[in-house]
>>> print(open('work11.cif').read())   # mmCIF, N, CA and C atoms
data_input
loop_
_atom_site.label_atom_id
_atom_site.label_comp_id
_atom_site.auth_asym_id
_atom_site.auth_seq_id
_atom_site.Cartn_x
_atom_site.Cartn_y
_atom_site.Cartn_z
N GLY A 9 1.80 40.16 12.44
CA GLY A 9 2.05 39.21 11.38
C GLY A 9 3.51 38.89 11.26
N ARG A 10 3.78 37.75 10.63
CA ARG A 10 5.16 37.32 10.47
C ARG A 10 5.30 36.44 9.25
N LEU A 11 6.54 36.30 8.80
CA LEU A 11 6.89 35.39 7.72
C LEU A 11 7.88 34.36 8.27
N MET A 12 7.77 33.14 7.78
CA MET A 12 8.72 32.12 8.20
C MET A 12 9.16 31.30 6.99
N GLU A 13 10.48 31.28 6.77
CA GLU A 13 11.04 30.51 5.67
C GLU A 13 11.30 29.07 6.10
N SER A 14 11.32 28.20 5.13
CA SER A 14 11.73 26.82 5.33
C SER A 14 12.28 26.29 4.01
N GLY A 15 12.96 25.16 4.09
CA GLY A 15 13.42 24.50 2.88
C GLY A 15 14.89 24.63 2.58
N GLY A 16 15.60 25.41 3.37
CA GLY A 16 17.04 25.52 3.15
C GLY A 16 17.74 24.24 3.52
N GLY A 17 19.03 24.18 3.17
CA GLY A 17 19.81 23.00 3.50
C GLY A 17 21.09 22.95 2.73
N LEU A 18 21.70 21.78 2.78
CA LEU A 18 22.97 21.52 2.10
C LEU A 18 22.70 20.71 0.84
N VAL A 19 23.26 21.16 -0.27
CA VAL A 19 23.02 20.47 -1.54
C VAL A 19 24.30 20.51 -2.36
N GLN A 20 24.46 19.53 -3.22
CA GLN A 20 25.60 19.50 -4.12
C GLN A 20 25.37 20.43 -5.30
N ALA A 21 26.44 20.94 -5.83
CA ALA A 21 26.33 21.79 -7.02
C ALA A 21 25.57 21.05 -8.12
N GLY A 22 24.68 21.77 -8.77
CA GLY A 22 23.83 21.18 -9.79
C GLY A 22 22.50 20.70 -9.26
N GLY A 23 22.37 20.67 -7.96
CA GLY A 23 21.14 20.21 -7.33
C GLY A 23 20.07 21.28 -7.24
N SER A 24 18.97 20.93 -6.62
CA SER A 24 17.82 21.82 -6.50
C SER A 24 17.32 21.89 -5.06
N LEU A 25 16.73 23.02 -4.76
CA LEU A 25 16.03 23.22 -3.48
C LEU A 25 14.83 24.11 -3.74
N THR A 26 13.81 23.94 -2.93
CA THR A 26 12.67 24.84 -2.97
C THR A 26 12.48 25.46 -1.59
N LEU A 27 12.55 26.78 -1.55
CA LEU A 27 12.31 27.51 -0.31
C LEU A 27 10.84 27.91 -0.25
N SER A 28 10.30 27.89 0.95
CA SER A 28 8.93 28.32 1.17
C SER A 28 8.92 29.46 2.17
N CYS A 29 7.96 30.36 2.01
CA CYS A 29 7.77 31.47 2.94
C CYS A 29 6.30 31.51 3.31
N LYS A 30 6.01 31.17 4.54
CA LYS A 30 4.63 31.09 5.02
C LYS A 30 4.32 32.32 5.86
N ALA A 31 3.22 32.98 5.51
CA ALA A 31 2.76 34.14 6.26
C ALA A 31 1.75 33.71 7.31
N SER A 32 1.84 34.30 8.48
CA SER A 32 0.84 34.08 9.51
C SER A 32 0.48 35.41 10.13
N GLY A 33 -0.79 35.54 10.51
CA GLY A 33 -1.24 36.79 11.10
C GLY A 33 -1.30 37.95 10.12
N ILE A 34 -1.35 37.65 8.83
CA ILE A 34 -1.42 38.67 7.77
C ILE A 34 -2.67 38.36 6.95
N ILE A 35 -3.56 39.36 6.85
CA ILE A 35 -4.81 39.11 6.17
C ILE A 35 -4.57 38.86 4.68
N LEU A 36 -5.48 38.12 4.06
CA LEU A 36 -5.28 37.66 2.69
C LEU A 36 -5.10 38.81 1.72
N SER A 37 -5.87 39.88 1.89
CA SER A 37 -5.76 40.99 0.94
C SER A 37 -4.39 41.66 1.00
N VAL A 38 -3.79 41.70 2.15
CA VAL A 38 -2.45 42.27 2.28
C VAL A 38 -1.45 41.32 1.64
N PHE A 39 -1.60 40.04 1.91
CA PHE A 39 -0.66 39.07 1.33
C PHE A 39 -0.75 39.06 -0.19
N SER A 40 -1.96 38.96 -0.72
CA SER A 40 -2.11 38.80 -2.16
C SER A 40 -1.91 40.11 -2.92
N GLY A 41 -2.11 41.22 -2.27
CA GLY A 41 -2.08 42.49 -2.97
C GLY A 41 -0.75 43.21 -3.00
N ASN A 42 0.27 42.55 -2.50
CA ASN A 42 1.58 43.21 -2.42
C ASN A 42 2.69 42.34 -3.00
N THR A 43 3.77 43.01 -3.33
CA THR A 43 4.92 42.34 -3.93
C THR A 43 5.64 41.46 -2.92
N LYS A 44 5.99 40.28 -3.40
CA LYS A 44 6.76 39.33 -2.60
C LYS A 44 8.16 39.25 -3.18
N ALA A 45 9.12 39.03 -2.29
CA ALA A 45 10.51 39.04 -2.74
C ALA A 45 11.33 38.04 -1.94
N TRP A 46 12.39 37.60 -2.59
CA TRP A 46 13.44 36.82 -1.94
C TRP A 46 14.74 37.60 -2.06
N TYR A 47 15.44 37.66 -0.94
CA TYR A 47 16.77 38.26 -0.87
C TYR A 47 17.75 37.21 -0.36
N ARG A 48 19.02 37.47 -0.53
CA ARG A 48 20.03 36.61 0.06
C ARG A 48 21.22 37.44 0.51
N GLN A 49 21.94 36.89 1.48
CA GLN A 49 23.13 37.56 1.99
C GLN A 49 24.18 36.51 2.30
N ALA A 50 25.29 36.62 1.60
CA ALA A 50 26.43 35.75 1.86
C ALA A 50 27.37 36.44 2.85
N PRO A 51 28.16 35.68 3.59
CA PRO A 51 29.08 36.28 4.57
C PRO A 51 29.97 37.33 3.92
N GLY A 52 30.03 38.50 4.54
CA GLY A 52 30.87 39.57 4.04
C GLY A 52 30.27 40.37 2.91
N ASN A 53 29.07 39.98 2.47
CA ASN A 53 28.41 40.68 1.36
C ASN A 53 27.17 41.41 1.84
N GLN A 54 26.74 42.36 1.02
CA GLN A 54 25.48 43.02 1.31
C GLN A 54 24.31 42.13 0.90
N ARG A 55 23.16 42.39 1.51
CA ARG A 55 21.95 41.66 1.12
C ARG A 55 21.60 42.05 -0.30
N GLU A 56 21.30 41.05 -1.13
CA GLU A 56 20.96 41.32 -2.52
C GLU A 56 19.59 40.75 -2.87
N LEU A 57 18.93 41.44 -3.77
CA LEU A 57 17.63 41.02 -4.24
C LEU A 57 17.79 39.87 -5.23
N VAL A 58 17.04 38.80 -5.00
CA VAL A 58 17.11 37.62 -5.86
C VAL A 58 15.96 37.59 -6.85
N ALA A 59 14.73 37.78 -6.34
CA ALA A 59 13.56 37.66 -7.20
C ALA A 59 12.40 38.42 -6.57
N THR A 60 11.52 38.93 -7.44
CA THR A 60 10.29 39.56 -6.99
C THR A 60 9.10 39.04 -7.78
N LEU A 61 7.94 39.11 -7.15
CA LEU A 61 6.69 38.70 -7.77
C LEU A 61 5.64 39.69 -7.33
N ASP A 62 5.10 40.47 -8.28
CA ASP A 62 4.14 41.48 -7.86
C ASP A 62 2.73 40.92 -7.87
N SER A 63 1.77 41.75 -7.47
CA SER A 63 0.40 41.28 -7.31
C SER A 63 -0.24 40.87 -8.63
N SER A 64 0.30 41.35 -9.72
CA SER A 64 -0.22 40.99 -11.04
C SER A 64 0.42 39.72 -11.61
N GLY A 65 1.40 39.22 -10.89
CA GLY A 65 2.06 38.01 -11.35
C GLY A 65 3.34 38.24 -12.12
N ARG A 66 3.73 39.49 -12.24
CA ARG A 66 4.99 39.79 -12.94
C ARG A 66 6.17 39.45 -12.06
N THR A 67 7.17 38.85 -12.66
CA THR A 67 8.37 38.44 -11.94
C THR A 67 9.59 39.20 -12.43
N ASN A 68 10.57 39.27 -11.56
CA ASN A 68 11.85 39.89 -11.92
C ASN A 68 12.94 39.14 -11.17
N TYR A 69 14.07 38.95 -11.83
CA TYR A 69 15.14 38.15 -11.25
C TYR A 69 16.48 38.85 -11.37
N ALA A 70 17.34 38.58 -10.40
CA ALA A 70 18.72 39.02 -10.53
C ALA A 70 19.36 38.28 -11.71
N ASP A 71 20.25 38.95 -12.41
CA ASP A 71 20.89 38.34 -13.58
C ASP A 71 21.55 37.02 -13.22
N SER A 72 22.09 36.94 -12.02
CA SER A 72 22.85 35.75 -11.62
C SER A 72 21.99 34.51 -11.46
N VAL A 73 20.66 34.68 -11.34
CA VAL A 73 19.80 33.52 -11.13
C VAL A 73 18.79 33.31 -12.25
N LYS A 74 18.77 34.19 -13.23
CA LYS A 74 17.81 34.06 -14.34
C LYS A 74 17.97 32.72 -15.03
N GLY A 75 16.85 32.07 -15.27
CA GLY A 75 16.86 30.79 -15.95
C GLY A 75 17.08 29.61 -15.00
N ARG A 76 17.45 29.91 -13.77
CA ARG A 76 17.69 28.82 -12.79
C ARG A 76 16.68 28.85 -11.64
N PHE A 77 16.26 30.05 -11.23
CA PHE A 77 15.36 30.22 -10.09
C PHE A 77 13.99 30.64 -10.59
N ALA A 78 12.96 30.29 -9.82
CA ALA A 78 11.60 30.71 -10.15
C ALA A 78 10.85 31.02 -8.87
N ILE A 79 10.22 32.18 -8.84
CA ILE A 79 9.40 32.59 -7.70
C ILE A 79 7.94 32.35 -8.04
N SER A 80 7.19 31.86 -7.07
CA SER A 80 5.76 31.59 -7.28
C SER A 80 5.02 31.80 -5.98
N ARG A 81 3.71 31.69 -6.04
CA ARG A 81 2.91 31.96 -4.86
C ARG A 81 1.70 31.04 -4.85
N ASP A 82 1.15 30.89 -3.66
CA ASP A 82 -0.15 30.25 -3.46
C ASP A 82 -0.88 31.13 -2.46
N ASN A 83 -1.67 32.06 -2.98
CA ASN A 83 -2.32 33.03 -2.08
C ASN A 83 -3.23 32.35 -1.08
N ALA A 84 -3.91 31.31 -1.51
CA ALA A 84 -4.84 30.64 -0.60
C ALA A 84 -4.10 30.07 0.61
N LYS A 85 -2.84 29.67 0.40
CA LYS A 85 -2.04 29.14 1.49
C LYS A 85 -1.20 30.22 2.16
N ARG A 86 -1.32 31.44 1.66
CA ARG A 86 -0.50 32.54 2.17
C ARG A 86 0.97 32.14 2.18
N THR A 87 1.41 31.55 1.12
CA THR A 87 2.77 31.04 1.00
C THR A 87 3.34 31.40 -0.36
N PHE A 88 4.61 31.77 -0.39
CA PHE A 88 5.28 31.89 -1.67
C PHE A 88 6.58 31.12 -1.62
N TYR A 89 7.13 30.89 -2.82
CA TYR A 89 8.19 29.90 -2.97
C TYR A 89 9.34 30.45 -3.81
N LEU A 90 10.47 29.82 -3.66
CA LEU A 90 11.60 30.06 -4.56
C LEU A 90 12.15 28.69 -4.96
N GLN A 91 11.88 28.31 -6.20
CA GLN A 91 12.42 27.08 -6.75
C GLN A 91 13.81 27.39 -7.29
N MET A 92 14.80 26.66 -6.80
CA MET A 92 16.19 26.93 -7.19
C MET A 92 16.76 25.67 -7.85
N ASN A 93 17.14 25.79 -9.09
CA ASN A 93 17.70 24.68 -9.86
C ASN A 93 19.14 25.00 -10.27
N ALA A 94 19.85 23.99 -10.65
CA ALA A 94 21.24 24.15 -11.12
C ALA A 94 22.04 25.01 -10.14
N LEU A 95 21.94 24.66 -8.88
CA LEU A 95 22.59 25.47 -7.85
C LEU A 95 24.10 25.45 -7.98
N GLU A 96 24.68 26.59 -7.66
CA GLU A 96 26.13 26.79 -7.75
C GLU A 96 26.66 27.17 -6.37
N PRO A 97 27.94 26.91 -6.12
CA PRO A 97 28.51 27.32 -4.82
C PRO A 97 28.29 28.81 -4.52
N GLU A 98 28.25 29.62 -5.58
CA GLU A 98 28.04 31.06 -5.41
C GLU A 98 26.64 31.39 -4.89
N ASP A 99 25.73 30.43 -4.92
CA ASP A 99 24.38 30.65 -4.40
C ASP A 99 24.33 30.46 -2.89
N THR A 100 25.41 30.03 -2.28
CA THR A 100 25.45 29.83 -0.84
C THR A 100 25.21 31.16 -0.13
N ALA A 101 24.20 31.18 0.73
CA ALA A 101 23.83 32.41 1.42
C ALA A 101 22.70 32.12 2.40
N LEU A 102 22.41 33.12 3.20
CA LEU A 102 21.20 33.11 4.02
C LEU A 102 20.10 33.78 3.19
N TYR A 103 19.02 33.06 2.97
CA TYR A 103 17.93 33.55 2.12
C TYR A 103 16.79 34.06 2.98
N TYR A 104 16.30 35.24 2.63
CA TYR A 104 15.22 35.89 3.36
C TYR A 104 14.03 36.12 2.45
N CYS A 105 12.83 35.94 2.99
CA CYS A 105 11.65 36.34 2.24
C CYS A 105 11.12 37.67 2.79
N ASN A 106 10.41 38.38 1.92
CA ASN A 106 9.98 39.74 2.21
C ASN A 106 8.63 40.00 1.57
N LEU A 107 7.72 40.58 2.32
CA LEU A 107 6.43 41.02 1.79
C LEU A 107 6.39 42.53 1.87
N GLN A 108 6.31 43.18 0.73
CA GLN A 108 6.47 44.63 0.64
C GLN A 108 5.14 45.35 0.74
N SER A 109 4.52 45.27 1.90
CA SER A 109 3.28 45.99 2.16
C SER A 109 3.59 47.26 2.95
N ARG A 110 2.54 47.92 3.42
CA ARG A 110 2.77 49.12 4.23
C ARG A 110 3.64 48.78 5.42
N THR A 111 3.43 47.62 5.98
CA THR A 111 4.38 47.03 6.93
C THR A 111 5.31 46.14 6.13
N ASP A 112 6.59 46.36 6.27
CA ASP A 112 7.58 45.58 5.52
C ASP A 112 7.92 44.33 6.33
N TYR A 113 7.37 43.19 5.90
CA TYR A 113 7.58 41.97 6.64
C TYR A 113 8.81 41.23 6.13
N TRP A 114 9.56 40.65 7.10
CA TRP A 114 10.74 39.86 6.77
C TRP A 114 10.72 38.55 7.55
N GLY A 115 11.21 37.51 6.91
CA GLY A 115 11.43 36.27 7.61
C GLY A 115 12.76 36.30 8.34
N GLN A 116 13.04 35.22 9.05
CA GLN A 116 14.25 35.17 9.87
C GLN A 116 15.45 34.64 9.09
N GLY A 117 15.19 34.10 7.91
CA GLY A 117 16.27 33.59 7.06
C GLY A 117 16.40 32.08 7.13
N THR A 118 16.77 31.50 6.01
CA THR A 118 17.06 30.07 5.95
C THR A 118 18.35 29.88 5.17
N GLN A 119 19.23 29.04 5.69
CA GLN A 119 20.55 28.87 5.11
C GLN A 119 20.53 27.90 3.94
N VAL A 120 21.14 28.32 2.86
CA VAL A 120 21.37 27.45 1.70
C VAL A 120 22.87 27.33 1.50
N THR A 121 23.36 26.12 1.50
CA THR A 121 24.78 25.87 1.31
C THR A 121 24.94 24.92 0.13
N VAL A 122 25.71 25.34 -0.86
CA VAL A 122 25.93 24.54 -2.06
C VAL A 122 27.39 24.13 -2.10
N GLN A 123 27.62 22.83 -2.09
CA GLN A 123 28.99 22.31 -2.14
C GLN A 123 29.37 22.02 -3.58
N GLY A 124 30.55 22.55 -3.94
CA GLY A 124 30.97 22.39 -5.33
C GLY A 124 31.96 21.26 -5.53
#
>>> encode(input="work11.cif", output="structure tokens")
Amino acid sequence: GRLMESGGGLVQAGGSLTLSCKASGIILSVFSGNTKAWYRQAPGNQRELVATLDSSGRTNYADSVKGRFAISRDNAKRTFYLQMNALEPEDTALYYCNLQSRTDYWGQGTQVTVQG
């Protein structure tokens, strides 16, 4: 199984982007029954947790993105999302999706660049 992100790009400060993470080769019960997460890593920085969504639908966000980002899922499509609004230059990073099952799945990353 694998995860693949899409939706990154270049945006002006204040703009919006929606990242998608599509799972393939992962059975539905594994996808729907485990926590999904988005991480990001800026150059010279450690990878940081941005948002999580557990199997019950509970979400958690880094303080820096609360009120601006939203994580969601579509289990039938085996896809989860990160809606990013009011983007700031500080949000510039490589964004990774993660499925926290017995096998820890990671995507390859998608670049988000915010010009201020």
>>> atom_distance(input="work11.cif", atom1="CA of Gly22 (chain A)", atom2="CA of Leu107 (chain A)")
28.8 Å
>>> atom_distance(input="work11.cif", atom1="atom N of Gly23 (chain A)", atom2="CA of Asn93 (chain A)")
6.4 Å
>>> residues_around(input="work11.cif", residues="Gly124 (chain A)", least_positions_apart="6", cutoff="8 Å", atoms="all atoms listed in the file", output="NGL selection string")
:A and (19-22 or 95-98)
>>> residues_around(input="work11.cif", residues="region 72-77 of chain A", least_positions_apart="6", cutoff="8 Å", atoms="only C-alpha atoms", output="short mmCIF file (atom, residue, chain, number, x, y, z; two decimals) with N, CA and C atoms, keeping the file's coordinate frame")
data_model
loop_
_atom_site.label_atom_id
_atom_site.label_comp_id
_atom_site.auth_asym_id
_atom_site.auth_seq_id
_atom_site.Cartn_x
_atom_site.Cartn_y
_atom_site.Cartn_z
N VAL A 58 17.04 38.80 -5.00
CA VAL A 58 17.11 37.62 -5.86
C VAL A 58 15.96 37.59 -6.85
N LEU A 90 10.47 29.82 -3.66
CA LEU A 90 11.60 30.06 -4.56
C LEU A 90 12.15 28.69 -4.96
N GLN A 91 11.88 28.31 -6.20
CA GLN A 91 12.42 27.08 -6.75
C GLN A 91 13.81 27.39 -7.29
N MET A 92 14.80 26.66 -6.80
CA MET A 92 16.19 26.93 -7.19
C MET A 92 16.76 25.67 -7.85
N ASN A 93 17.14 25.79 -9.09
CA ASN A 93 17.70 24.68 -9.86
C ASN A 93 19.14 25.00 -10.27
N ALA A 94 19.85 23.99 -10.65
CA ALA A 94 21.24 24.15 -11.12
C ALA A 94 22.04 25.01 -10.14
N LEU A 95 21.94 24.66 -8.88
CA LEU A 95 22.59 25.47 -7.85
C LEU A 95 24.10 25.45 -7.98
#
>>> atom_distance(input="work11.cif", atom1="atom N of Gly115 (chain A)", atom2="atom N of Leu25 (chain A)")
19.4 Å
>>> closest_atom_pairs(input="work11.cif", of="region 70-102 of chain A", to="region 34-55 of chain A", cutoff="8 Å", atoms="only N, CA and C atoms", output="Markdown table")
| residue | atom | partner | partner_atom | distance |
| --- | --- | --- | --- | --- |
| A:Ile79 | CA | A:Trp46 | N | 7.8 |
| A:Asp82 | C | A:Ser40 | CA | 7.8 |
| A:Asn83 | CA | A:Ser40 | CA | 5.8 |
| A:Ala84 | N | A:Ser40 | CA | 7.7 |
| A:Arg86 | CA | A:Phe39 | CA | 6.6 |
| A:Thr87 | N | A:Phe39 | CA | 7.8 |
| A:Phe88 | CA | A:Lys44 | CA | 7.6 |
| A:Tyr89 | C | A:Trp46 | CA | 7.8 |
| A:Leu90 | CA | A:Trp46 | CA | 7.5 |
| A:Asp99 | C | A:Ala50 | CA | 7.4 |
| A:Thr100 | C | A:Ala50 | CA | 5.1 |
| A:Ala101 | CA | A:Gln49 | C | 4.2 |
| A:Leu102 | N | A:Gln49 | C | 3.9 |
>>> closest_residue(input="work11.cif", among="A:Leu57, A:Leu18, A:Ala70, A:Ala31", to="Tyr104 (chain A)", atoms="only C-alpha atoms")
A:Leu57
